[in-house]
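Next up, entry38.cif (mmCIF, C-alpha atoms and all ligand atoms):
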```cif
data_start
loop_
_atom_site.label_atom_id
_atom_site.label_comp_id
_atom_site.auth_asym_id
_atom_site.auth_seq_id
_atom_site.Cartn_x
_atom_site.Cartn_y
_atom_site.Cartn_z
CA MET R 16 0.00 0.00 0.00
CA ARG R 17 1.35 3.40 -0.87
CA ALA R 18 1.42 5.71 2.08
CA THR R 19 -0.27 8.83 0.82
CA PRO R 20 -0.78 11.47 3.53
CA GLU R 21 -4.54 10.78 3.69
CA ARG R 22 -4.07 7.06 4.03
CA LEU R 23 -1.43 7.47 6.70
CA HIS R 24 -3.66 9.80 8.59
CA GLY R 25 -6.77 7.78 8.06
CA SER R 26 -5.26 4.38 8.76
CA VAL R 27 -3.75 5.14 12.18
CA SER R 28 -6.43 4.52 14.78
CA LEU R 29 -6.38 6.05 18.24
CA PRO R 30 -4.81 2.95 19.88
CA GLY R 31 -2.36 2.97 16.96
CA ARG R 32 -1.40 6.55 17.68
CA ALA R 33 -1.01 5.77 21.37
CA ALA R 34 1.29 2.92 20.44
CA ILE R 35 3.37 5.21 18.21
CA LEU R 36 3.58 7.78 20.99
CA ALA R 37 4.66 5.06 23.43
CA LEU R 38 7.38 3.97 20.97
CA VAL R 39 8.64 7.53 20.57
CA LEU R 40 8.71 8.05 24.35
CA GLU R 41 10.46 4.74 24.83
CA GLY R 42 13.07 5.75 22.25
CA ALA R 43 13.62 9.07 23.97
CA ALA R 44 13.92 7.37 27.36
CA ALA R 45 16.42 4.88 25.94
CA VAL R 46 18.49 7.77 24.62
CA MET R 47 18.40 9.56 27.98
CA LEU R 48 18.63 6.69 30.45
CA GLY R 49 19.38 3.43 28.73
CA GLU R 50 22.31 2.06 26.78
CA PRO R 51 24.94 4.79 26.81
CA SER R 52 25.88 6.03 23.35
CA LYS R 53 29.03 4.57 21.81
CA THR R 54 29.77 7.91 20.17
CA SER R 55 29.06 10.40 22.95
CA VAL R 56 31.55 13.26 23.26
CA PHE R 57 30.47 13.46 26.91
CA ARG R 58 32.00 10.07 27.75
CA PRO R 59 35.68 10.53 26.85
CA ALA R 60 37.83 7.41 27.11
CA SER R 61 41.30 8.74 26.28
CA SER R 62 43.53 11.62 27.37
CA GLU R 63 42.98 13.49 24.12
CA ALA R 64 39.18 13.16 24.22
CA GLY R 65 39.34 14.04 27.95
CA ALA R 66 41.13 17.34 27.21
CA ILE R 67 38.54 18.22 24.56
CA HIS R 68 35.71 17.25 26.92
CA GLN R 69 37.02 19.49 29.73
CA TYR R 70 37.39 22.35 27.31
CA SER R 71 33.90 21.84 25.87
CA LEU R 72 32.39 21.97 29.39
CA LEU R 73 34.01 25.37 29.99
CA ILE R 74 32.71 26.71 26.66
CA LEU R 75 29.28 25.22 27.40
CA ALA R 76 29.23 26.95 30.81
CA ILE R 77 30.20 30.35 29.33
CA THR R 78 27.75 30.19 26.42
CA GLY R 79 25.06 28.73 28.73
CA ALA R 80 25.44 31.70 31.10
CA ILE R 81 25.21 34.14 28.17
CA PHE R 82 22.08 32.35 26.94
CA ALA R 83 20.49 32.50 30.42
CA VAL R 84 21.18 36.24 30.83
CA VAL R 85 19.97 37.19 27.35
CA PHE R 86 16.88 34.98 27.57
CA THR R 87 15.96 36.27 31.05
CA LEU R 88 16.23 39.90 29.91
CA LEU R 89 14.17 39.07 26.84
CA VAL R 90 11.40 37.47 28.91
CA VAL R 91 11.42 40.33 31.43
CA ALA R 92 11.15 42.88 28.61
CA ILE R 93 8.29 40.99 26.95
CA VAL R 94 6.31 40.52 30.16
CA ARG R 95 6.91 43.84 31.90
CA PHE R 96 6.69 46.14 28.93
CA ARG R 97 4.01 44.44 26.88
CA ARG R 98 1.19 46.59 25.53
CA ARG R 99 -1.64 46.98 28.00
CA GLU R 100 -5.23 48.15 27.92
CA GLY R 101 -5.34 51.95 28.19
CA ASP R 102 -1.66 52.54 27.23
CA ASP R 103 -1.21 55.81 25.47
CA THR R 104 0.23 55.24 22.02
CA ALA R 105 2.54 58.26 22.07
CA GLU R 106 6.24 57.68 21.37
CA PRO R 107 8.10 56.99 24.66
CA PRO R 108 11.07 59.16 25.67
CA GLN R 109 14.10 58.44 23.44
CA VAL R 110 17.41 57.83 25.25
CA TYR R 111 20.72 58.12 23.37
CA GLY R 112 24.19 57.05 24.40
CA SER R 113 25.48 55.95 27.77
CA ASP R 114 29.24 55.71 28.18
CA GLN R 115 29.00 53.21 31.02
CA VAL R 116 26.69 50.83 29.14
CA GLU R 117 28.73 51.04 25.91
CA VAL R 118 32.01 50.36 27.71
CA ALA R 119 30.43 47.43 29.59
CA TRP R 120 29.03 45.70 26.51
CA THR R 121 32.32 46.12 24.66
CA VAL R 122 34.76 45.14 27.41
CA ILE R 123 32.87 42.12 28.79
CA PRO R 124 32.54 40.33 25.40
CA VAL R 125 36.21 41.10 24.60
CA LEU R 126 37.25 39.49 27.90
CA ILE R 127 35.04 36.46 27.19
CA VAL R 128 36.54 36.06 23.70
CA ILE R 129 40.09 36.33 25.12
CA VAL R 130 39.37 33.61 27.70
CA MET R 131 37.86 31.34 25.02
CA SER R 132 40.75 31.91 22.57
CA LEU R 133 43.41 31.22 25.17
CA THR R 134 41.78 28.02 26.43
CA THR R 135 41.27 26.86 22.82
CA ALA R 136 44.94 27.44 22.03
CA ARG R 137 46.01 25.71 25.25
CA THR R 138 43.90 22.63 24.47
CA ILE R 139 45.15 22.45 20.86
CA PHE R 140 48.80 22.67 21.93
CA GLU R 141 48.27 20.21 24.77
CA ILE R 142 47.03 17.66 22.22
CA GLN R 143 49.40 18.42 19.35
CA ASP R 144 52.58 18.77 21.40
CA ARG R 145 52.31 15.37 23.00
CA ALA R 146 55.71 13.74 22.37
CA LYS R 147 55.56 10.34 20.73
CA PRO R 148 56.91 7.70 23.14
CA ALA R 149 59.53 5.34 21.66
CA ASP R 150 57.21 2.36 22.09
CA ALA R 151 54.10 4.00 20.61
CA LEU R 152 52.07 1.92 18.18
CA GLU R 153 52.06 3.56 14.76
CA ILE R 154 49.21 3.18 12.32
CA THR R 155 48.83 4.78 8.91
CA VAL R 156 45.19 5.49 8.10
CA ILE R 157 44.40 6.15 4.44
CA GLY R 158 40.95 7.54 3.63
CA ARG R 159 39.42 6.20 0.44
CA GLN R 160 36.01 6.43 -1.22
CA TRP R 161 34.43 4.93 0.95
CA TRP R 162 36.51 2.92 3.33
CA TRP R 163 39.57 3.09 5.55
CA GLU R 164 42.86 1.44 4.69
CA LEU R 165 44.81 0.67 7.85
CA ARG R 166 48.53 -0.11 7.81
CA TYR R 167 50.65 -1.07 10.82
CA PRO R 168 54.17 -0.44 9.45
CA GLN R 169 55.99 -1.73 12.57
CA LEU R 170 54.03 -4.99 12.47
CA GLY R 171 53.66 -5.53 8.72
CA ILE R 172 49.85 -5.67 8.99
CA VAL R 173 47.41 -4.29 6.42
CA THR R 174 43.70 -4.33 7.13
CA ALA R 175 40.59 -2.20 6.64
CA ASN R 176 37.87 -0.35 8.54
CA GLU R 177 38.41 -2.09 11.89
CA LEU R 178 41.30 -0.83 13.99
CA HIS R 179 42.72 -2.91 16.80
CA VAL R 180 44.81 -1.08 19.41
CA PRO R 181 46.03 -1.97 22.91
CA VAL R 182 44.45 -0.46 26.02
CA SER R 183 46.54 2.06 27.94
CA ASP R 184 46.52 1.76 31.72
CA ARG R 185 48.71 3.16 34.48
CA GLU R 186 51.12 0.22 34.58
CA HIS R 187 51.26 -0.17 30.80
CA PRO R 188 50.80 3.17 29.06
CA ALA R 189 50.26 2.44 25.37
CA ALA R 190 49.77 5.37 23.07
CA THR R 191 48.64 4.88 19.47
CA PHE R 192 49.88 7.48 16.98
CA LEU R 193 48.06 7.79 13.68
CA THR R 194 49.38 9.17 10.40
CA LEU R 195 46.43 10.31 8.31
CA GLN R 196 46.47 10.43 4.51
CA SER R 197 43.96 10.41 1.70
CA ALA R 198 44.04 8.53 -1.60
CA ASP R 199 41.34 10.63 -3.25
CA VAL R 200 39.27 13.41 -1.65
CA ALA R 201 39.16 14.97 1.82
CA HIS R 202 37.88 12.71 4.62
CA SER R 203 37.87 13.17 8.38
CA PHE R 204 38.79 10.67 11.08
CA TRP R 205 36.44 10.94 14.05
CA VAL R 206 36.02 8.55 16.94
CA PRO R 207 34.30 10.86 19.44
CA ARG R 208 35.19 8.95 22.62
CA LEU R 209 38.86 8.63 21.65
CA ALA R 210 39.94 11.60 19.55
CA GLY R 211 38.72 14.83 18.02
CA LYS R 212 38.17 15.12 14.28
CA THR R 213 41.30 15.24 12.16
CA ASP R 214 41.04 15.61 8.41
CA LEU R 215 42.67 13.32 5.85
CA ILE R 216 43.65 15.60 3.01
CA PRO R 217 45.15 14.64 -0.38
CA ASN R 218 48.86 15.51 -0.66
CA ARG R 219 49.13 16.33 3.01
CA ILE R 220 50.01 14.29 6.06
CA ASN R 221 48.15 14.87 9.33
CA HIS R 222 48.63 13.24 12.69
CA THR R 223 46.59 12.40 15.73
CA TRP R 224 46.95 10.05 18.69
CA PHE R 225 45.01 8.47 21.53
CA ASP R 226 45.62 6.32 24.59
CA PRO R 227 42.34 4.47 25.25
CA HIS R 228 41.72 3.91 28.96
CA GLU R 229 39.19 1.08 28.73
CA PRO R 230 38.92 -1.99 26.51
CA GLY R 231 35.86 -2.16 24.30
CA LEU R 232 34.46 -1.20 20.94
CA TYR R 233 34.49 2.47 19.99
CA LEU R 234 32.57 3.65 16.97
CA GLY R 235 33.52 6.40 14.60
CA GLN R 236 32.56 7.92 11.32
CA CYS R 237 34.04 9.86 8.44
CA ALA R 238 33.20 13.44 9.37
CA GLU R 239 33.86 15.26 6.11
CA TYR R 240 31.48 14.94 3.19
CA CYS R 241 33.40 12.85 0.66
CA GLY R 242 30.81 11.73 -1.90
CA THR R 243 27.79 9.47 -2.29
CA GLU R 244 28.66 6.95 0.43
CA HIS R 245 30.13 9.35 3.00
CA ALA R 246 27.46 8.20 5.47
CA LYS R 247 28.55 4.57 5.11
CA MET R 248 32.20 5.24 5.78
CA LEU R 249 32.08 3.95 9.33
CA LEU R 250 34.97 3.17 11.62
CA ARG R 251 35.34 0.63 14.40
CA VAL R 252 38.11 0.83 16.97
CA TYR R 253 38.58 -2.29 19.08
CA VAL R 254 40.54 -1.46 22.19
CA ASP R 255 41.99 -4.80 23.29
CA THR R 256 43.72 -5.94 26.44
CA ARG R 257 47.44 -6.49 25.84
CA GLU R 258 46.93 -10.27 25.51
CA ASP R 259 44.01 -9.92 23.07
CA PHE R 260 45.95 -7.40 21.03
CA ASP R 261 49.00 -9.67 20.82
CA ARG R 262 46.73 -12.54 19.77
CA TRP R 263 45.13 -10.37 17.06
CA VAL R 264 48.57 -9.32 15.78
CA ALA R 265 49.75 -12.93 15.62
CA ALA R 266 46.62 -13.97 13.70
CA GLN R 267 47.01 -11.10 11.22
CA ARG R 268 50.65 -11.98 10.62
CA ALA R 269 50.00 -15.68 10.12
CA SER R 270 49.54 -16.76 6.52
CA SER R 271 45.96 -17.38 5.55
CA GLU R 272 46.30 -20.71 3.79
CA ALA R 273 43.24 -21.79 1.91
CA SER R 274 42.26 -25.44 2.17
CA GLU R 275 41.63 -27.63 -0.88
CA THR R 276 37.87 -27.57 -0.25
CA VAL R 277 37.70 -23.98 -1.48
CA ALA R 278 40.06 -24.42 -4.44
CA ALA R 279 37.26 -23.68 -6.91
CA GLY R 280 36.54 -20.32 -5.27
CA ARG R 281 40.22 -19.53 -5.11
CA ARG R 282 40.39 -20.12 -8.85
CA VAL R 283 37.48 -17.72 -9.40
CA PHE R 284 39.27 -15.08 -7.31
CA GLN R 285 42.51 -15.51 -9.25
CA THR R 286 40.95 -15.52 -12.71
CA THR R 287 38.53 -12.59 -12.47
CA ALA R 288 38.98 -8.86 -11.94
CA CYS R 289 38.99 -9.33 -8.11
CA LEU R 290 42.77 -9.43 -8.04
CA ASN R 291 43.18 -6.06 -9.73
CA CYS R 292 41.83 -4.34 -6.63
CA HIS R 293 42.27 -6.79 -3.76
CA THR R 294 45.22 -8.42 -2.09
CA VAL R 295 45.16 -11.90 -0.60
CA GLN R 296 48.57 -12.94 0.66
CA GLY R 297 49.85 -16.06 -1.04
CA THR R 298 47.87 -15.50 -4.25
CA VAL R 299 48.60 -13.47 -7.37
CA GLY R 300 46.07 -10.89 -6.12
CA ASN R 301 48.00 -7.85 -4.93
CA GLY R 302 45.71 -4.95 -5.88
CA ARG R 303 45.51 -2.02 -3.49
CA TYR R 304 42.47 -0.18 -4.74
CA GLY R 305 40.11 -2.17 -2.52
CA PRO R 306 40.52 -3.59 1.00
CA ASP R 307 43.14 -6.27 1.70
CA LEU R 308 41.18 -9.52 2.07
CA SER R 309 43.93 -11.75 3.51
CA HIS R 310 42.17 -11.99 6.88
CA LEU R 311 38.70 -10.90 5.82
CA MET R 312 36.98 -13.20 8.32
CA SER R 313 38.73 -11.55 11.26
CA ARG R 314 36.50 -8.53 10.66
CA GLU R 315 32.98 -8.28 12.06
CA THR R 316 31.62 -6.06 9.30
CA ILE R 317 32.03 -5.47 5.58
CA ALA R 318 31.39 -2.42 3.39
CA SER R 319 33.16 -0.17 5.92
CA GLY R 320 31.05 -1.07 8.92
CA SER R 321 27.72 -0.83 7.13
CA VAL R 322 26.67 -4.52 7.24
CA PRO R 323 27.67 -7.55 9.34
CA ASN R 324 30.21 -9.91 7.82
CA THR R 325 27.98 -12.95 7.21
CA PRO R 326 28.01 -15.37 4.24
CA GLU R 327 24.63 -13.96 3.07
CA MET R 328 25.88 -10.37 3.15
CA LEU R 329 29.17 -11.32 1.48
CA LYS R 330 27.26 -13.04 -1.29
CA ALA R 331 24.93 -10.08 -1.77
CA TRP R 332 27.93 -7.77 -1.76
CA VAL R 333 29.93 -9.66 -4.39
CA LYS R 334 26.83 -10.11 -6.53
CA ASP R 335 26.13 -6.38 -6.61
CA PRO R 336 27.70 -4.00 -4.06
CA ASN R 337 25.32 -1.26 -5.18
CA VAL R 338 22.41 -3.01 -3.50
CA LEU R 339 23.99 -2.61 -0.05
CA LYS R 340 25.90 0.58 -0.73
CA PRO R 341 24.66 2.52 -3.77
CA GLY R 342 27.53 4.24 -5.52
CA ALA R 343 30.18 1.82 -4.22
CA LEU R 344 33.13 1.78 -6.60
CA MET R 345 33.33 -2.02 -6.76
CA PRO R 346 31.52 -3.32 -9.85
CA ALA R 347 28.97 -6.13 -9.79
CA MET R 348 31.00 -9.22 -10.67
CA GLN R 349 28.40 -10.83 -12.98
CA LEU R 350 29.21 -14.35 -11.76
CA ASP R 351 26.84 -17.25 -12.21
CA GLU R 352 25.33 -18.76 -9.06
CA GLN R 353 27.81 -21.64 -8.90
CA LYS R 354 30.90 -19.43 -9.18
CA LEU R 355 29.40 -16.95 -6.75
CA ASP R 356 28.89 -19.65 -4.10
CA ALA R 357 32.40 -21.00 -4.67
CA LEU R 358 33.90 -17.53 -4.33
CA VAL R 359 31.97 -16.75 -1.16
CA ALA R 360 33.09 -20.08 0.32
CA TYR R 361 36.68 -19.14 -0.49
CA LEU R 362 36.31 -15.68 1.06
CA GLY R 363 34.78 -17.35 4.11
CA SER R 364 37.98 -19.38 4.54
CA LEU R 365 40.24 -16.31 4.80
CA ARG R 366 40.72 -16.19 8.57
CU1 LIG G 401 35.02 9.87 3.80
CU2 LIG G 401 33.16 11.25 4.31
#
```
So, in terms of structure tokens, how does the structure I just supplied come out?
Ligand code: CUA
Amino acid sequence: MRATPERLHGSVSLPGRAAILALVLEGAAAVMLGEPSKTSVFRPASSEAGAIHQYSLLILAITGAIFAVVFTLLVVAIVRFRRREGDDTAEPPQVYGSDQVEVAWTVIPVLIVIVMSLTTARTIFEIQDRAKPADALEITVIGRQWWWELRYPQLGIVTANELHVPVSDREHPAATFLTLQSADVAHSFWVPRLAGKTDLIPNRINHTWFDPHEPGLYLGQCAEYCGTEHAKMLLRVYVDTREDFDRWVAAQRASSEASETVAAGRRVFQTTACLNCHTVQGTVGNGRYGPDLSHLMSRETIASGSVPNTPEMLKAWVKDPNVLKPGALMPAMQLDEQKLDALVAYLGSLR
């Protein structure tokens, strides 16, 4: 049924409307009380995000106070001086110029702006001047339309969209330093609970860092409009305990040997256009235009965090990426059903 405005209006009965209202209220309550947001700037989980949070509270307090004063004066003016029955309509006395008032409303805002500028500069320098410790983990993040290439040069790991980093606690401080680059247009790296936005700009190298205080999954998002699928350029940062991180590193560095049972799919991969864009270690595929698939199954999502990494989704993706992510730069592979299944089985073996 097509939902024309009349139909929508006409078809929702009173109990129906009550149910919708209940749903909306429930949603609002969940936002306010329930599951805390994974992307809230008010729940910083690293030193960098903490510095930005502190600073934002100060700015919020200053602007909140200004709002309260202006709004109170506005309400007082509206209530006290509103037009009343029997008012004479003659022009009221006109008052011009008051040195005291003019000095006050010039000097006070100037002082406020100075305080805000100085605290901004202090926060920026506090974040940017952080010296890189000798044992810092280095990751190169390359923004692409519309996914994230992630390279760990010290560890020889290449992966995509899902970052793994070690947790940083008092006994084992572990800072992660990121080098940000772009392969095409401007993108922006933003994981609100870990680090402020930093742009990835073509022909320029930017840096940021974080030292996550608690293990867990932190979500992020490209924060600079970069084309059709900007909204599906999601980021996942897994902050692991030291042991989990070491285990992840070992698994990523191990060779992903395919068993004989998926030989047919491996053949499809090696004899179609897949290998022009994708790398799988140990095969002739060494393309870099698309994500490295050597350990594809170690990732929980595909299509840059937009869908879960399940055999059904993988199959739908290979068949025609545009169904899941319209505008994706990977072409539909035009494989027959048999080859498609073989290929998906092969991809499913890349652990
Ligand atoms: Cu990349 Cu928006």
Chain R near ligand LIG 401 (chain G) within 6 Å: what's each residue's closest atom pair and its distance in Å to one decimal, counting all atoms listed in the file, ordered by chain then ascending residue number, as CSV?
```
residue,atom,partner,partner_atom,distance
R:Trp161,CA,G:LIG401,CU1,5.7
R:His202,CA,G:LIG401,CU1,4.1
R:Cys237,CA,G:LIG401,CU2,4.4
R:Ala238,CA,G:LIG401,CU2,5.5
R:Glu239,CA,G:LIG401,CU2,4.5
R:Tyr240,CA,G:LIG401,CU2,4.2
R:Cys241,CA,G:LIG401,CU2,4.0
R:His245,CA,G:LIG401,CU2,3.8
R:Met248,CA,G:LIG401,CU1,5.8
```
* Asked: For Glu141 of chain R, which residue among R:Leu88, R:Ala190, R:Ala343, R:Ile67 is the nearest when counting all atoms listed in the file?
  -> R:Ile67
* To do: Please identify all polymer residues within 12 Å of Leu339 of chain R, counting all atoms listed in the file, omitting same-chain residues fewer than 3 positions from it, and present them as number ranges by chain.
  => R: 244, 247, 317-323, 327-336, 342-343, 345, 347
* Could you please determine the separation between atom CA of Thr256 of chain R and atom CA of Val156 of chain R in Å, to one decimal place? => 21.7 Å
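Atom CA of Phe284 of chain R is positioned 22.6 Å from atom CA of Gln160 of chain R.
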* Structure fact -> Between R:Val206, R:Leu311, R:Val254, R:Ala151, smallest distance to Leu234 of chain R by all atoms listed in the file belongs to R:Val206
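Interatomic distance, atom CA of Thr87 of chain R against atom CA of Val128 of chain R: 21.9 Å.
Restricting the calculation to only C-alpha atoms, the smallest distance between Pro346 of chain R and any of R:Leu72, R:Cys289, R:Ala80, R:Leu232 is found for R:Cys289.
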* Asked: For Arg251 of chain R, which residue out of R:Met312, R:Ala189, R:Ile81, R:Leu165 is the nearest one, using all atoms listed in the file?
  -> R:Leu165
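Taking only C-alpha atoms into account, Ala64 of chain R lies nearest to R:Thr223 out of the set R:Thr276, R:Thr223, R:Thr155, R:Asn218.
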* **Exercise: Lys354 of chain R partners within 12 Å, all atoms listed in the file, chain neighbours under 5 positions left out, as a list in words** => Val277, Ala278, Ala279, Gly280, Arg281, Arg282, Val283, Phe284, Thr286, Thr287, Lys330, Val333, Lys334, Met348, Gln349, Val359, Ala360 and Tyr361 of chain R
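Across R:Ala265, R:Leu73, R:Leu209, R:Leu308, the tightest approach to Ile127 of chain R is made by R:Leu73 when counting all atoms listed in the file.
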